[in-house]
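Novice: Dropping a structure here in structure tokens format, bear with me for questions.
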Amino acid sequence: MATQGTHPHSAARAWLGVAAITASLFVFLTTELMPVGLLTPMSTSLRISVGAAGLMVTLYGVSAGLGVPFIVAWTRRVNRRVLLSTLLAILTVGNTITAISPDYPLVLTTRLVMGFASGVFWAIGVSMAMRLVAERHTSRAAAIVMSGISIAAVVGIPLGTVLESLTGWRTTFLIWAGLSALVFLTVVTVIPSLPSTNAVSVREVFGLPLKNVPLRLVLFTIVLFVLGHFGAYTFVRPYLEDSASATPFFITAALMVYGAGGAAGNFVAGYTVTKSLRGSFIAGCAGLVTSLLLLLTIAHGQAGAVITLVLWGVSFGVVQLSQVNLTQAAAPDTFEAAMSLNTMAYNTSIALGALFGGLFADHLGVTSVVWFGVTLTAASLLLTLATRRRATRPVPGDAPAPAPAQTADRA
């Protein structure tokens, strides 16, 4: 990723720019996962099944994943400040249309378009922040930006659930449209011109897994655990409503507990990945499997549900941080291209996880979705255990990837 050692703009403005990009991540991620907390009221209002409502996450993830390498290549000559501003404008309009949409097909179409914008943001956001600050501060800038994921999980998504209970889901999306517009204005005001400097061709991106076996294995493990995790997580609200008679207030508190656990997991993993990267991923993945099994066994009461969600959040935080570092370790010389593939695999798997989870929920009940999660996360764990240690060992002489705090959906 290109960085600069000296800057024509002040340090204060540079860090304001980093804060603006962090806020951008917050609104993109909360928009992507907002239907998770609003699944039941949205399905009722739009007169669709809970499984069909999950498609709002599915289509968003499909476009966010599949469009990344192509759109980034097609916009390789576009100034990154202009590109980010355009993406935020799309998000603002999309949230507004979602709020006033009279029917489900229009909501799905709008989510599809917003997904393309979100995917491009994930490809350019961190590198933009790293270019704003002096080279010695690039890791700190990346970590600050990615902390927006923890903020979204702990504050954003639960806040959306609270707003829905007070005002309705349409008003909630209108509020998020206003927030997106505010972030747009901030980006236009504080981020300086950033001409594109590190575009990667589509051919190079797709050629990496063919010649890089460690990266290919990392991508397989990512696909498996994301499928399992998000298949179950997308339907956590209806599951808790059925199994624990959870109220909207308890759902909100539970999502906040989960998000706080994720933040704690990232904090812990920030130390453990530098000592044992592979071990950290294995421990986190084992925690995912265990937490989903606990969801099936002890989460029929509120106390059991809280314990389960704490472990689930901590485990996911560890896995999230580990998989970013695994990607960097597998392809240290082509990290940006590898992260484009990571983004594609991750978001596509979010979409498929929600899709498969919806099919299970509609035909076999929401409990079957949790078993789907157990199976896929266990498969990711077994694949990692079967992988030779040298395939995931950090490359000597290369600093580990920045330690981003991630707790909700993505790399």
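In the structure tokens, chains take the letters A, B, ... in the order shown, each chain's residues start at 1, and ligands count up from 1 in the order shown.
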As a PyMOL selection string, list the residues of region 73-122 of chain A assigned to helix (DSSP H, G or I) by DSSP on the backbone atoms of this structure.
Specialist: chain A and resi 73-74+80-100+104-122
Novice: Have a look at CA of Pro214 (chain A) and CA of Arg131 (chain A) and let me know their distance in Å, one decimal.
Specialist: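 So the two atoms, CA of Pro214 (chain A) and CA of Arg131 (chain A), lie 28.4 Å apart.
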Novice: Please provide as number ranges by chain all residues within 9 Å of Ala379 (chain A), with the sequence filter that same-chain residues fewer than 4 positions apart are discarded (counting only C-alpha atoms).
Specialist: A: 221, 224-225, 374-375, 383-384
Novice: Convert the current residue selection to file output with all heavy atoms, as a compact mmCIF listing (two decimals), in the first residue's frame.
Specialist:
```
# COMPACT_ATOMS: atom_id res chain seq x y z
N THR A 221 -10.51 -21.52 4.21
CA THR A 221 -10.93 -21.47 5.62
C THR A 221 -11.84 -20.28 5.87
O THR A 221 -12.80 -20.38 6.66
CB THR A 221 -9.71 -21.41 6.56
OG1 THR A 221 -8.95 -20.22 6.29
CG2 THR A 221 -8.81 -22.62 6.38
N LEU A 224 -15.41 -21.07 4.67
CA LEU A 224 -16.13 -22.01 5.53
C LEU A 224 -16.62 -21.34 6.81
O LEU A 224 -17.79 -21.47 7.20
CB LEU A 224 -15.23 -23.21 5.86
CG LEU A 224 -14.96 -24.17 4.70
CD1 LEU A 224 -13.89 -25.18 5.08
CD2 LEU A 224 -16.24 -24.88 4.28
N PHE A 225 -15.73 -20.61 7.51
CA PHE A 225 -16.18 -20.06 8.80
C PHE A 225 -17.15 -18.90 8.60
O PHE A 225 -18.06 -18.69 9.42
CB PHE A 225 -15.00 -19.69 9.70
CG PHE A 225 -14.50 -18.28 9.58
CD1 PHE A 225 -15.18 -17.22 10.15
CD2 PHE A 225 -13.30 -18.00 8.94
CE1 PHE A 225 -14.70 -15.91 10.07
CE2 PHE A 225 -12.81 -16.71 8.85
CZ PHE A 225 -13.52 -15.66 9.41
N VAL A 374 -22.75 -24.73 12.98
CA VAL A 374 -21.84 -25.65 13.64
C VAL A 374 -21.04 -26.45 12.62
O VAL A 374 -19.81 -26.60 12.72
CB VAL A 374 -22.62 -26.60 14.57
CG1 VAL A 374 -21.70 -27.72 15.09
CG2 VAL A 374 -23.23 -25.84 15.74
N THR A 375 -21.71 -26.97 11.61
CA THR A 375 -21.06 -27.82 10.61
C THR A 375 -19.98 -27.08 9.84
O THR A 375 -18.86 -27.57 9.67
CB THR A 375 -22.12 -28.38 9.63
OG1 THR A 375 -23.11 -29.10 10.36
CG2 THR A 375 -21.47 -29.30 8.61
N LEU A 383 -10.05 -28.04 8.64
CA LEU A 383 -9.17 -27.73 7.52
C LEU A 383 -7.89 -27.07 8.02
O LEU A 383 -6.79 -27.39 7.56
CB LEU A 383 -9.88 -26.82 6.52
CG LEU A 383 -9.03 -26.35 5.32
CD1 LEU A 383 -8.54 -27.53 4.51
CD2 LEU A 383 -9.84 -25.38 4.45
N THR A 384 -8.02 -26.16 8.97
CA THR A 384 -6.84 -25.49 9.52
C THR A 384 -5.95 -26.47 10.26
O THR A 384 -4.72 -26.44 10.13
CB THR A 384 -7.26 -24.35 10.46
OG1 THR A 384 -8.13 -23.46 9.77
CG2 THR A 384 -6.04 -23.58 10.97
```
Novice: Could I get the residues of region 56-164 of chain A with an atom no further than 6 Å from an atom of region 20-34 of chain A, each paired with its nearest atom pair and that distance in Å to one decimal, using only C-alpha atoms, sorted by chain and residue number, as a Markdown table?
Specialist:
```
| residue | atom | partner | partner_atom | distance |
| --- | --- | --- | --- | --- |
| A:Val145 | CA | A:Thr22 | CA | 4.3 |
| A:Gly148 | CA | A:Phe26 | CA | 5.0 |
| A:Ala152 | CA | A:Phe26 | CA | 5.4 |
| A:Gly156 | CA | A:Thr30 | CA | 5.9 |
| A:Ile157 | CA | A:Thr30 | CA | 5.8 |
```
Novice: Work out how far CA of Leu46 (chain A) is from CA of Phe356 (chain A), in Å to one decimal.
Specialist: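 Answer for the CA of Phe356 (chain A) to CA of Leu46 (chain A) separation: 20.7 Å.
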Novice: Using only C-alpha atoms, tabulate the residues of region 307-354 of chain A lying at most 12 Å from any atom of region 57-73 of chain A, each with its closest atom pair and that distance in Å to one decimal, by chain and increasing residue number, as a tab-separated table.
Specialist:
```
residue	atom	partner	partner_atom	distance
A:Glu336	CA	A:Pro69	CA	10.8
A:Ala337	CA	A:Pro69	CA	8.6
A:Ala338	CA	A:Pro69	CA	10.5
A:Met339	CA	A:Pro69	CA	10.1
A:Ser340	CA	A:Pro69	CA	6.3
A:Leu341	CA	A:Pro69	CA	7.8
A:Asn342	CA	A:Gly65	CA	8.8
A:Thr343	CA	A:Gly65	CA	5.9
A:Met344	CA	A:Gly65	CA	3.8
A:Ala345	CA	A:Gly65	CA	6.6
A:Tyr346	CA	A:Gly65	CA	7.0
A:Asn347	CA	A:Gly65	CA	4.6
A:Thr348	CA	A:Val62	CA	4.8
A:Ser349	CA	A:Gly61	CA	7.6
A:Ile350	CA	A:Gly61	CA	5.8
A:Ala351	CA	A:Thr58	CA	3.6
A:Leu352	CA	A:Thr58	CA	6.2
A:Gly353	CA	A:Thr58	CA	7.6
A:Ala354	CA	A:Thr58	CA	5.5
```
Novice: Closest to Leu382 (chain A) among A:Val319, A:Val190, A:Cys285, A:Ile222, using only C-alpha atoms?
Specialist: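 Comparing A:Val319, A:Val190, A:Cys285, A:Ile222 against Leu382 (chain A), the winner is A:Cys285.
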Novice: Near Pro209 (chain A), within 10 Å and counting only C-alpha atoms, which residues show up once chain neighbours fewer than 5 positions away are dropped, as a list of chain:residue names?
Specialist: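 So the residues in contact are A:Glu204, A:Pro214, A:Leu215, A:Arg216, A:Leu217, A:Val218, A:Leu219, A:Ala331, A:Ala338, A:Leu341.
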